[in-house]
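Just my_file18.cif here, mmCIF, C-alpha atoms and all ligand atoms:
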```cif
data_final
#
loop_
_atom_site.label_atom_id
_atom_site.label_comp_id
_atom_site.auth_asym_id
_atom_site.auth_seq_id
_atom_site.Cartn_x
_atom_site.Cartn_y
_atom_site.Cartn_z
CA MET A 87 0.00 0.00 0.00
CA LYS A 88 1.19 3.50 -0.85
CA HIS A 89 2.66 5.36 2.14
CA ARG A 90 -0.05 7.63 3.47
CA ILE A 91 0.47 10.80 5.45
CA TYR A 92 -1.76 10.94 8.49
CA VAL A 93 -2.33 14.44 9.86
CA ASP A 94 -5.63 13.97 11.64
CA ASN A 95 -4.19 13.38 15.09
CA ASN A 96 -6.79 15.50 16.89
CA ALA A 97 -9.35 12.90 15.74
CA THR A 98 -7.19 10.01 16.87
CA SER A 99 -3.55 9.03 16.55
CA LYS A 100 -1.38 6.07 15.68
CA LEU A 101 -0.63 3.87 18.70
CA ARG A 102 2.91 4.39 20.00
CA PRO A 103 5.02 1.21 19.73
CA PHE A 104 5.89 1.20 23.46
CA VAL A 105 2.21 1.50 24.36
CA LYS A 106 1.28 -1.26 21.94
CA ALA A 107 3.95 -3.55 23.40
CA ALA A 108 2.65 -2.96 26.93
CA MET A 109 -0.93 -3.62 25.81
CA MET A 110 0.07 -6.87 24.09
CA GLU A 111 1.58 -8.08 27.36
CA ALA A 112 -1.55 -7.12 29.29
CA MET A 113 -3.65 -9.15 26.86
CA ASP A 114 -2.12 -12.29 28.35
CA ILE A 115 -3.61 -11.50 31.76
CA SER A 116 -6.91 -13.28 31.98
CA GLY A 117 -8.16 -12.31 35.44
CA ASN A 118 -11.08 -10.11 36.32
CA PRO A 119 -9.81 -7.43 38.73
CA SER A 120 -12.82 -8.01 40.98
CA SER A 121 -11.84 -11.66 41.55
CA ILE A 122 -9.90 -12.53 44.67
CA HIS A 123 -7.68 -15.20 43.11
CA MET A 124 -4.19 -14.44 41.90
CA ASP A 125 -5.19 -13.93 38.25
CA GLY A 126 -7.75 -11.38 39.38
CA GLN A 127 -5.21 -9.69 41.62
CA ASN A 128 -2.70 -9.50 38.77
CA ALA A 129 -5.29 -7.71 36.66
CA ARG A 130 -6.17 -5.46 39.59
CA LYS A 131 -2.52 -4.52 40.03
CA LEU A 132 -2.38 -3.29 36.42
CA VAL A 133 -5.48 -1.16 36.92
CA GLU A 134 -4.23 0.36 40.18
CA ASN A 135 -0.75 1.01 38.78
CA ALA A 136 -2.29 2.75 35.76
CA ARG A 137 -4.47 4.85 38.09
CA LYS A 138 -1.41 5.94 40.09
CA SER A 139 0.66 6.68 36.97
CA ILE A 140 -2.04 8.85 35.41
CA ILE A 141 -2.70 10.81 38.60
CA SER A 142 1.00 11.40 39.16
CA SER A 143 1.54 12.41 35.51
CA LEU A 144 -0.89 15.26 36.14
CA GLY A 145 1.30 16.75 38.88
CA THR A 146 -0.12 17.93 42.13
CA PHE A 147 -3.72 17.12 41.31
CA SER A 148 -4.90 14.98 44.25
CA ALA A 149 -8.00 13.50 42.77
CA GLU A 150 -10.02 10.36 42.60
CA LEU A 151 -9.79 8.76 39.14
CA ILE A 152 -12.59 6.74 37.55
CA PHE A 153 -11.79 4.73 34.43
CA THR A 154 -14.39 4.91 31.66
CA SER A 155 -14.82 3.78 28.05
CA GLY A 156 -13.56 7.13 26.77
CA ALA A 157 -13.80 10.85 27.30
CA THR A 158 -17.40 10.92 26.11
CA GLU A 159 -18.50 8.67 28.96
CA ALA A 160 -16.22 10.55 31.39
CA ALA A 161 -17.84 13.86 30.36
CA GLN A 162 -21.29 12.44 30.83
CA LEU A 163 -20.46 11.02 34.26
CA ALA A 164 -19.11 14.47 35.16
CA LEU A 165 -22.35 16.15 34.10
CA GLU A 166 -24.37 13.57 36.03
CA SER A 167 -22.18 14.22 39.07
CA ALA A 168 -22.80 17.98 38.80
CA LYS A 169 -26.53 17.37 38.62
CA ALA A 170 -26.48 14.93 41.55
CA MET A 171 -24.58 17.52 43.61
CA GLY A 172 -27.35 20.05 43.06
CA PHE A 173 -25.74 22.27 40.42
CA ASN A 174 -28.74 23.65 38.57
CA LEU A 175 -27.34 26.07 36.02
CA ALA A 176 -24.89 24.87 33.35
CA PHE A 177 -22.60 27.37 31.61
CA ILE A 178 -21.09 25.56 28.62
CA GLY A 179 -18.37 27.06 26.39
CA ALA A 180 -19.46 27.73 22.80
CA GLY A 181 -16.75 25.49 21.34
CA GLU A 182 -17.39 22.48 23.57
CA HIS A 183 -17.44 18.99 22.12
CA PRO A 184 -20.94 17.48 21.64
CA ALA A 185 -20.07 14.95 24.38
CA ILE A 186 -20.59 17.87 26.76
CA MET A 187 -22.73 20.36 24.85
CA ALA A 188 -25.43 17.94 23.71
CA TYR A 189 -25.59 15.98 26.96
CA ALA A 190 -25.73 19.14 29.10
CA LYS A 191 -28.64 20.34 26.97
CA GLN A 192 -30.40 17.04 27.63
CA LEU A 193 -29.63 16.92 31.36
CA PHE A 194 -30.08 20.50 32.55
CA GLU A 195 -33.20 22.58 32.23
CA ASN A 196 -31.07 25.69 32.54
CA MET A 197 -28.13 25.67 30.18
CA ILE A 198 -26.41 28.76 28.84
CA VAL A 199 -23.75 28.82 26.11
CA ILE A 200 -20.76 31.01 26.95
CA PRO A 201 -19.78 33.12 23.92
CA ILE A 202 -16.25 33.13 22.61
CA ASP A 203 -14.37 36.26 21.60
CA ALA A 204 -12.80 37.08 18.23
CA ASN A 205 -9.68 35.09 19.21
CA GLY A 206 -11.70 32.00 20.04
CA ASN A 207 -11.28 32.30 23.80
CA ILE A 208 -14.05 32.20 26.36
CA ASP A 209 -15.45 35.70 26.92
CA CYS A 210 -14.32 36.11 30.53
CA ASP A 211 -16.10 39.46 31.10
CA TRP A 212 -19.40 37.97 29.98
CA LEU A 213 -18.85 34.92 32.21
CA GLU A 214 -18.03 37.02 35.25
CA GLU A 215 -21.14 39.15 34.81
CA ARG A 216 -23.45 36.15 34.34
CA LEU A 217 -21.96 34.22 37.26
CA ALA A 218 -22.43 37.25 39.51
CA GLN A 219 -26.09 37.44 38.44
CA ALA A 220 -26.55 33.71 39.10
CA GLN A 221 -24.92 34.04 42.51
CA ASN A 222 -27.17 36.96 43.42
CA ALA A 223 -30.19 34.95 42.28
CA GLY A 224 -29.19 32.08 44.62
CA GLN A 225 -28.56 29.64 41.78
CA LYS A 226 -25.88 26.96 41.89
CA PRO A 227 -23.94 27.23 38.62
CA PHE A 228 -21.10 25.21 37.18
CA VAL A 229 -18.97 25.99 34.15
CA ALA A 230 -17.66 23.53 31.52
CA ILE A 231 -14.69 24.64 29.43
CA GLN A 232 -12.19 22.91 27.16
CA ALA A 233 -8.56 23.35 28.08
CA ALA A 234 -7.90 23.36 24.33
CA ASN A 235 -10.25 23.24 21.39
CA ASN A 236 -10.19 20.20 19.11
CA GLU A 237 -10.88 22.06 15.86
CA ILE A 238 -8.71 25.18 16.08
CA GLY A 239 -6.48 24.21 18.99
CA ILE A 240 -7.16 27.43 20.89
CA ILE A 241 -6.07 27.25 24.54
CA ASN A 242 -8.41 28.79 27.09
CA PRO A 243 -6.99 30.90 29.96
CA LEU A 244 -7.99 28.42 32.68
CA SER A 245 -6.12 30.23 35.43
CA LYS A 246 -8.24 33.36 34.85
CA ILE A 247 -11.45 31.40 34.26
CA SER A 248 -10.98 29.32 37.39
CA GLY A 249 -10.43 32.52 39.43
CA ILE A 250 -13.73 33.92 38.14
CA VAL A 251 -15.55 30.63 38.76
CA LYS A 252 -14.26 30.28 42.33
CA ASN A 253 -14.96 33.96 43.15
CA HIS A 254 -18.60 33.33 42.42
CA GLY A 255 -18.95 30.07 44.31
CA ALA A 256 -19.31 28.01 41.14
CA ALA A 257 -17.48 24.84 40.08
CA LEU A 258 -15.38 24.08 36.99
CA MET A 259 -15.46 21.11 34.63
CA VAL A 260 -12.44 20.91 32.32
CA ASP A 261 -12.37 18.85 29.15
CA ALA A 262 -8.64 18.21 28.77
CA VAL A 263 -8.87 15.60 26.00
CA GLN A 264 -6.87 17.72 23.55
CA ALA A 265 -4.59 19.08 26.27
CA PHE A 266 -3.49 15.76 27.75
CA ALA A 267 0.18 15.14 26.85
CA LYS A 268 0.16 18.15 24.53
CA MET A 269 0.11 20.91 27.17
CA PRO A 270 1.95 21.03 30.52
CA PRO A 271 -0.41 19.54 33.13
CA GLN A 272 -0.03 22.57 35.41
CA ASP A 273 -1.85 24.58 32.74
CA TYR A 274 -5.06 22.58 33.13
CA ALA A 275 -5.17 19.83 35.77
CA GLY A 276 -5.17 21.75 39.04
CA TYR A 277 -7.97 24.11 38.00
CA ALA A 278 -10.61 21.44 37.52
CA ASP A 279 -13.26 20.14 39.90
CA TRP A 280 -14.04 17.54 37.23
CA LEU A 281 -11.28 16.70 34.75
CA ILE A 282 -11.90 14.66 31.60
CA ILE A 283 -9.09 12.96 29.67
CA SER A 284 -8.48 10.18 27.17
CA PRO A 285 -5.19 8.96 25.68
CA HIS A 286 -6.00 8.24 22.04
CA LYS A 287 -5.02 11.67 20.71
CA ILE A 288 -1.37 11.21 21.69
CA GLY A 289 -0.50 7.63 20.74
CA GLY A 290 -2.43 5.91 23.52
CA PRO A 291 -5.27 3.40 23.14
CA LEU A 292 -8.80 4.05 21.94
CA GLY A 293 -11.87 3.16 23.97
CA VAL A 294 -10.60 4.21 27.39
CA GLY A 295 -10.78 7.46 29.29
CA ALA A 296 -10.90 8.86 32.79
CA LEU A 297 -12.83 11.25 34.95
CA LEU A 298 -10.90 12.83 37.81
CA LEU A 299 -12.82 14.24 40.74
CA ALA A 300 -11.18 16.91 42.88
CA PRO A 301 -11.53 16.63 46.66
CA GLY A 302 -15.09 17.49 47.70
CA ILE A 303 -16.62 16.44 44.37
CA GLU A 304 -18.89 13.42 44.54
CA GLY A 305 -19.50 11.09 41.61
CA ALA A 306 -23.09 10.20 40.74
CA ARG A 307 -24.21 6.76 41.86
CA ASN A 308 -26.79 6.24 39.17
CA ARG A 309 -25.21 3.47 37.10
CA PRO A 310 -25.99 0.18 38.76
CA GLY A 311 -24.07 -2.98 37.98
CA GLY A 312 -21.07 -4.75 39.43
CA GLY A 313 -20.08 -1.71 41.49
CA GLN A 314 -16.61 -1.31 39.97
CA GLU A 315 -14.70 1.96 40.31
CA LYS A 316 -16.03 2.42 43.85
CA GLY A 317 -19.57 2.14 42.56
CA LEU A 318 -19.16 5.15 40.27
CA ARG A 319 -18.81 3.27 36.98
CA SER A 320 -19.93 -0.32 36.87
CA GLY A 321 -18.57 -2.74 34.28
CA THR A 322 -15.58 -5.05 34.01
CA PRO A 323 -12.66 -2.81 33.03
CA ASN A 324 -10.73 -3.08 29.77
CA ILE A 325 -7.38 -4.17 31.22
CA PRO A 326 -5.11 -3.82 28.13
CA ALA A 327 -6.51 -0.37 27.33
CA ILE A 328 -6.20 0.83 30.94
CA HIS A 329 -2.66 -0.50 31.13
CA GLY A 330 -1.84 1.22 27.80
CA PHE A 331 -3.36 4.45 29.16
CA GLY A 332 -1.16 4.21 32.26
CA VAL A 333 1.96 3.60 30.19
CA ALA A 334 1.07 6.41 27.76
CA SER A 335 0.59 8.83 30.67
CA ALA A 336 4.38 8.91 31.07
CA MET A 337 4.25 11.42 28.20
CA ALA A 338 1.86 13.80 29.95
CA GLY A 339 4.26 15.35 32.47
CA ASP A 340 6.89 16.71 30.10
CA VAL A 341 5.43 17.70 26.75
CA SER A 342 8.42 19.68 25.49
CA ASP A 343 9.51 17.13 22.84
CA PHE A 344 6.02 16.81 21.42
CA ALA A 345 5.53 20.58 21.45
CA MET A 346 8.87 21.32 19.82
CA LYS A 347 8.46 18.71 17.10
CA THR A 348 4.87 19.40 16.16
CA SER A 349 5.04 23.20 16.39
CA ALA A 350 8.02 23.20 13.99
CA LEU A 351 5.97 21.15 11.51
CA ARG A 352 2.86 23.25 12.02
CA ASP A 353 4.67 26.59 11.66
CA LYS A 354 6.47 25.47 8.50
CA PHE A 355 3.17 24.19 7.11
CA GLU A 356 1.36 27.48 7.79
CA GLN A 357 4.22 29.45 6.27
CA GLU A 358 3.91 27.36 3.10
CA ILE A 359 0.14 27.77 3.04
CA MET A 360 0.42 31.56 3.22
CA THR A 361 3.11 31.58 0.50
CA GLN A 362 1.15 29.39 -1.91
CA TRP A 363 -2.33 30.69 -1.10
CA PRO A 364 -1.95 34.29 0.16
CA ASP A 365 -5.70 34.69 0.58
CA ALA A 366 -5.87 31.74 3.03
CA ILE A 367 -7.17 32.42 6.53
CA ILE A 368 -5.57 30.67 9.48
CA PHE A 369 -8.08 30.52 12.33
CA GLY A 370 -6.82 31.49 15.77
CA HIS A 371 -3.42 32.44 14.35
CA ALA A 372 -2.93 35.23 16.88
CA ALA A 373 -4.21 33.22 19.85
CA SER A 374 -2.41 30.77 22.08
CA ARG A 375 -2.89 27.38 20.36
CA LEU A 376 -1.97 23.73 20.71
CA PRO A 377 1.43 23.18 19.09
CA ASN A 378 0.23 20.55 16.62
CA THR A 379 -2.97 22.10 15.24
CA SER A 380 -3.62 24.21 12.17
CA CYS A 381 -7.13 25.13 11.10
CA PHE A 382 -7.37 27.15 7.92
CA ALA A 383 -9.58 27.97 4.96
CA ILE A 384 -8.73 28.72 1.36
CA PRO A 385 -11.63 30.84 0.08
CA ASN A 386 -13.88 29.06 -2.43
CA TRP A 387 -12.21 25.68 -1.90
CA SER A 388 -14.79 23.75 0.11
CA ALA A 389 -13.57 21.64 3.01
CA GLU A 390 -15.43 18.66 1.66
CA HIS A 391 -13.66 18.85 -1.69
CA MET A 392 -10.26 19.42 -0.18
CA VAL A 393 -10.57 16.51 2.25
CA ILE A 394 -11.61 14.15 -0.55
CA ALA A 395 -8.95 15.38 -2.99
CA LEU A 396 -6.20 14.97 -0.40
CA ASP A 397 -7.51 11.59 0.65
CA LEU A 398 -7.18 10.42 -2.97
CA ALA A 399 -3.61 11.73 -2.91
CA GLY A 400 -2.86 9.71 0.26
CA VAL A 401 -3.16 12.50 2.85
CA SER A 402 -5.64 12.26 5.75
CA ILE A 403 -6.86 15.64 7.00
CA SER A 404 -10.15 16.66 8.52
CA SER A 405 -12.87 19.20 7.90
CA GLY A 406 -14.61 21.06 10.73
CA SER A 407 -15.98 18.57 13.23
CA ALA A 408 -19.58 19.20 12.12
CA CYS A 409 -18.69 17.48 8.88
CA SER A 410 -17.63 14.29 10.67
CA SER A 411 -21.27 13.31 10.84
CA GLY A 412 -21.48 13.35 7.06
CA SER A 413 -23.15 16.76 6.87
CA VAL A 414 -21.51 19.74 5.23
CA LYS A 415 -22.62 22.21 7.88
CA ALA A 416 -20.11 24.88 8.83
CA SER A 417 -18.40 24.29 12.16
CA ALA A 418 -20.14 26.02 15.07
CA THR A 419 -16.78 26.91 16.59
CA ILE A 420 -15.58 28.64 13.46
CA LEU A 421 -18.89 30.44 13.06
CA ALA A 422 -18.57 31.54 16.69
CA LEU A 423 -15.30 33.22 15.65
CA LYS A 424 -17.51 35.39 13.42
CA ALA A 425 -16.20 33.83 10.20
CA PRO A 426 -18.69 34.20 7.31
CA GLU A 427 -20.56 30.95 6.69
CA GLN A 428 -19.10 30.51 3.19
CA LEU A 429 -15.57 30.73 4.59
CA ALA A 430 -16.42 28.47 7.55
CA LYS A 431 -17.48 25.80 5.05
CA CYS A 432 -13.93 25.88 3.65
CA ALA A 433 -12.26 25.28 7.03
CA VAL A 434 -10.02 22.24 7.28
CA ARG A 435 -7.79 20.97 10.07
CA VAL A 436 -4.31 19.56 9.85
CA SER A 437 -3.17 18.12 13.18
CA PHE A 438 0.36 16.75 13.45
CA GLY A 439 1.35 13.87 15.70
CA TRP A 440 4.33 11.99 17.09
CA ASN A 441 4.86 9.99 13.89
CA ASN A 442 4.94 12.84 11.37
CA GLU A 443 8.20 13.71 9.69
CA ALA A 444 9.66 16.97 8.42
CA THR A 445 9.23 15.78 4.81
CA ASP A 446 5.47 15.39 5.35
CA VAL A 447 4.95 19.15 5.12
CA GLY A 448 6.33 19.42 1.57
CA LYS A 449 4.35 16.36 0.50
CA ILE A 450 1.07 17.74 1.83
CA ILE A 451 1.67 21.10 0.14
CA ALA A 452 2.53 19.33 -3.15
CA ALA A 453 -0.65 17.26 -2.90
CA MET A 454 -2.64 20.45 -2.28
CA GLN A 455 -1.06 22.23 -5.25
CA ASP A 456 -1.87 19.29 -7.48
CA ALA A 457 -5.46 19.09 -6.21
CA ASP A 458 -5.87 22.86 -6.59
CA MET A 459 -4.69 22.74 -10.21
CA ARG A 460 -7.19 19.96 -11.01
CA ARG A 461 -9.96 21.88 -9.29
CA ARG A 462 -9.21 25.05 -11.26
CA ASN A 463 -8.93 23.15 -14.53
CA ALA A 464 -12.27 21.45 -13.86
CA ALA A 465 -13.88 24.83 -13.17
CA ALA A 466 -12.40 26.49 -16.31
N1 LIG B 1 -13.61 16.29 24.03
C1 LIG B 1 -12.80 16.70 23.04
C2 LIG B 1 -12.23 18.08 23.09
C3 LIG B 1 -12.47 15.84 22.00
O1 LIG B 1 -11.66 16.25 21.03
C4 LIG B 1 -13.03 14.53 21.99
C5 LIG B 1 -12.74 13.60 20.88
O2 LIG B 1 -12.69 14.00 19.73
C6 LIG B 1 -13.87 14.15 23.04
C7 LIG B 1 -14.15 15.05 24.05
C8 LIG B 1 -14.46 12.77 23.10
O3 LIG B 1 -13.43 11.85 23.37
P1 LIG B 1 -13.54 10.28 23.21
O4 LIG B 1 -13.35 10.03 21.76
O5 LIG B 1 -12.41 9.72 24.01
O6 LIG B 1 -14.86 9.84 23.70
#
```

The structure in this file should be written as structure tokens.
Amino acid sequence: MKHRIYVDNNATSKLRPFVKAAMMEAMDISGNPSSIHMDGQNARKLVENARKSIISSLGTFSAELIFTSGATEAAQLALESAKAMGFNLAFIGAGEHPAIMAYAKQLFENMIVIPIDANGNIDCDWLEERLAQAQNAGQKPFVAIQAANNEIGIINPLSKISGIVKNHGAALMVDAVQAFAKMPPQDYAGYADWLIISPHKIGGPLGVGALLLAPGIEGARNRPGGGQEKGLRSGTPNIPAIHGFGVASAMAGDVSDFAMKTSALRDKFEQEIMTQWPDAIIFGHAASRLPNTSCFAIPNWSAEHMVIALDLAGVSISSGSACSSGSVKASATILALKAPEQLAKCAVRVSFGWNNEATDVGKIIAAMQDADMRRRNAAA
């Protein structure tokens, strides 16, 4: 098969060889961690070691960690926990993943979307004003914010946001799925009352995630079953995936190699884009962004067409996340940045990962030039 270039790492990433090797070993363990015999205890040891490794990779965050089937389930357990604790007003960031946005809408009668500013960051002045009003009205609000956005990569100022949230007696849920092992943990972990992570964006396994609860936060006990995870998430755990998650978490503490490598690729890529297509728009260019993520639009070249043309040329990129469901709707996040709808429909994302090479940039640009020439010829 022709060598493909995979630059859709914010969707999911290639498993790292050392994680894969650890998971293969764990596949030979046949015990159920709830069993008291030695096989069960061997499985249990892997789960508990993974739990310790992940918590310690996040620095000083002294939390309880619940393993789940992924960040989607972790986010939903977090929302259920907030509801069970009596939080009755949900403030959800405009760019939040549907795992949070759609479920919060379903779960809370009172849900308000927090606008984002022209840079793509949470509008902190708006939030402060609305939290003050909620506090005065005797409501019990919580706020859900991404540490970093999956589409554009914009990093939210969690230190400032958490200050505002705490000043108004509210609580903070942080979706750190795109931040985990891409951003230093001190920039997101310690601010959260509920923290949501999964390892498959950084070379860890799919189908596993975690919810971390800060001291004082209670998980919801509304999922009956075998009572695993201290009764907070029933179900026999996926031992190889949990072990792989634990092993992969070694990368979360020091992200400098990942950041240096991927930002060099991303910056070179964006430079080439602006040279070849001077009318291109790079979303969030002036904001603080994840090192690996580039979201851009070339006017009049629809995202759908570009993604298909590059796929045929052996390059995997992604359009705005709204298109992942098969629709061609413009991304809500990019529209929230006040981009015109026509331009938002041209937005694509290139997200570099651990296995990309310096030569990939030139190859992607060449594939784009070729596809652009065909497109123009077809239109002529
Ligand atoms: N939150 C963000 C920011 C994401 O990017 C994703 C995955 O794309 C999720 C939540 C859901 O994660 P998972 O696929 O582990 O359920």

Report task. Could you pull out the residues sitting within 7 Å of ligand LIG 1 (chain B), using all atoms listed in the file, and write them as an NGL selection string? Result -> :A and (96-97 or 156-159 or 182-183 or 185 or 232 or 234-236 or 261-264 or 284 or 286 or 293-295)

Requested in this report: For CA of Val133 (chain A) and CA of Ser121 (chain A), determine how far apart the two atoms are, in Å to one decimal place.
Outcome: 13.1 Å

Report summary line: Using all atoms listed in the file, the best pick from A:Val229, A:Ala296, A:Ala170, A:Ile140 as closest to Ile283 (chain A) would be A:Ala296

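Counting from CA of Gly305 (chain A), the distance to CA of Ser155 (chain A) is 16.1 Å.
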
Per residue of region 231-350 of chain A within 9 Å of region 221-225 of chain A, which atom pair is closest and at what distance in Å (one decimal), using only C-alpha atoms, listed by chain and increasing number, as JSON lines?
```
{"residue": "A:His254", "atom": "CA", "partner": "A:Gln221", "partner_atom": "CA", "distance": 6.4}
{"residue": "A:Gly255", "atom": "CA", "partner": "A:Gln221", "partner_atom": "CA", "distance": 7.4}
{"residue": "A:Ala256", "atom": "CA", "partner": "A:Gln221", "partner_atom": "CA", "distance": 8.3}
```

Requested in this report: Give the answer as one residue: which of A:Leu144, A:Ala334, A:Met187, A:Ala108 has the shortest atom-to-atom distance to Gly289 (chain A), using only C-alpha atoms?
Outcome: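 Result for the nearest residue to Gly289 (chain A): A:Ala334.
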
**Report entry** Which of A:Lys131, A:Lys138, A:Arg435, A:Arg319 sits closest to Leu297 (chain A) [using only C-alpha atoms]
**Finding:**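 Looking at the shortest contact to Leu297 (chain A), the residue is A:Arg319.
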
With 4 Å added on each side, what axis-aligned box encloses every listed atom of region 90-98 of chain A? Give the centre and edge lengths in Å to one decimal, as lines of an AutoDock Vina configuration file.
```
center_x = -4.4
center_y = 11.6
center_z = 10.2
size_x = 17.8
size_y = 15.9
size_z = 21.4
```

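Picture a line from CA of Gln455 (chain A) to CA of Leu396 (chain A); it runs 10.1 Å.
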
Query raised in the report: Counting only C-alpha atoms, what is within 12 Å of Asp114 (chain A), bar same-chain residues fewer than 3 positions away, as a PyMOL selection string?
Result: chain A and resi 107-111+117+125+128-129+325-326

Report summary line: Between A:Pro385, A:Pro270, A:Pro103, A:Gly179, smallest distance to Val199 (chain A) by all atoms listed in the file belongs to A:Gly179

Requested in this report: Could you give me, as JSON, numbers by chain, the residues within 9 Å of Ile384 (chain A), counting only C-alpha atoms and dropping anything in the same chain fewer than 2 positions from it?
Outcome: {"A": [363, 364, 365, 366, 367, 368, 382, 386, 387, 388, 389, 429, 432, 433, 434]}

**Report entry** Given all atoms listed in the file as the counted atoms, nearest of A:Ser116, A:Thr419, A:Ser248, A:Ser342 to Phe228 (chain A)
**Finding:**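 For Phe228 (chain A), the nearest of the candidates is A:Ser248.
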
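Using only C-alpha atoms for every distance, the candidate list A:Ile403, A:Ala278, A:Leu318, A:Leu398 yields A:Ala278 as the residue closest to Ala149 (chain A).
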
Per-residue nearest contacts of region 298-344 of chain A to region 438-444 of chain A (12 Å; all atoms listed in the file) as a tab-separated table:
```
residue	atom	partner	partner_atom	distance
A:Met337	CA	A:Trp440	CA	11.1
A:Val341	CA	A:Trp440	CA	11.3
A:Asp343	CA	A:Trp440	CA	9.3
A:Phe344	CA	A:Trp440	CA	6.7
```

Query - Non-local contacts of Leu217 (chain A) (8 Å; only C-alpha atoms; under 2 positions in same chain excluded) as a list in words - result: Leu213, Glu214, Glu215, Gln219, Ala220, Gln221, Pro227, Val251, His254 and Ala256 of chain A

Could you add whatever atoms are missing so that region 255-266 of chain A carries N, CA, C and O atoms, then write the result as a compact mmCIF listing (two decimals), in the coordinates of the input?
```txt
# COMPACT_ATOMS: atom_id res chain seq x y z
N GLY A 255 -18.43 31.27 43.65
CA GLY A 255 -18.95 30.07 44.31
C GLY A 255 -19.40 28.98 43.36
O GLY A 255 -20.20 28.12 43.73
N ALA A 256 -18.91 29.03 42.12
CA ALA A 256 -19.31 28.01 41.14
C ALA A 256 -18.24 26.92 41.08
O ALA A 256 -17.25 26.96 41.81
N ALA A 257 -18.45 25.93 40.22
CA ALA A 257 -17.48 24.84 40.08
C ALA A 257 -17.10 24.72 38.61
O ALA A 257 -17.82 25.18 37.72
N LEU A 258 -15.94 24.09 38.35
CA LEU A 258 -15.38 24.08 36.99
C LEU A 258 -15.13 22.67 36.49
O LEU A 258 -14.45 21.87 37.14
N MET A 259 -15.68 22.39 35.30
CA MET A 259 -15.46 21.11 34.63
C MET A 259 -14.50 21.40 33.47
O MET A 259 -14.75 22.32 32.69
N VAL A 260 -13.41 20.64 33.39
CA VAL A 260 -12.44 20.91 32.32
C VAL A 260 -12.32 19.68 31.42
O VAL A 260 -11.99 18.59 31.88
N ASP A 261 -12.58 19.88 30.14
CA ASP A 261 -12.37 18.85 29.15
C ASP A 261 -10.93 19.01 28.66
O ASP A 261 -10.61 19.94 27.90
N ALA A 262 -10.06 18.10 29.11
CA ALA A 262 -8.64 18.21 28.77
C ALA A 262 -8.23 17.15 27.75
O ALA A 262 -7.05 16.78 27.68
N VAL A 263 -9.18 16.67 26.96
CA VAL A 263 -8.87 15.60 26.00
C VAL A 263 -7.78 16.04 25.02
O VAL A 263 -6.85 15.29 24.74
N GLN A 264 -7.88 17.27 24.52
CA GLN A 264 -6.87 17.72 23.55
C GLN A 264 -5.63 18.28 24.24
O GLN A 264 -4.60 18.48 23.60
N ALA A 265 -5.73 18.52 25.54
CA ALA A 265 -4.59 19.08 26.27
C ALA A 265 -3.66 17.99 26.79
O ALA A 265 -2.45 18.19 26.91
N PHE A 266 -4.24 16.83 27.09
CA PHE A 266 -3.49 15.76 27.75
C PHE A 266 -2.27 15.35 26.89
O PHE A 266 -2.41 14.98 25.72
```
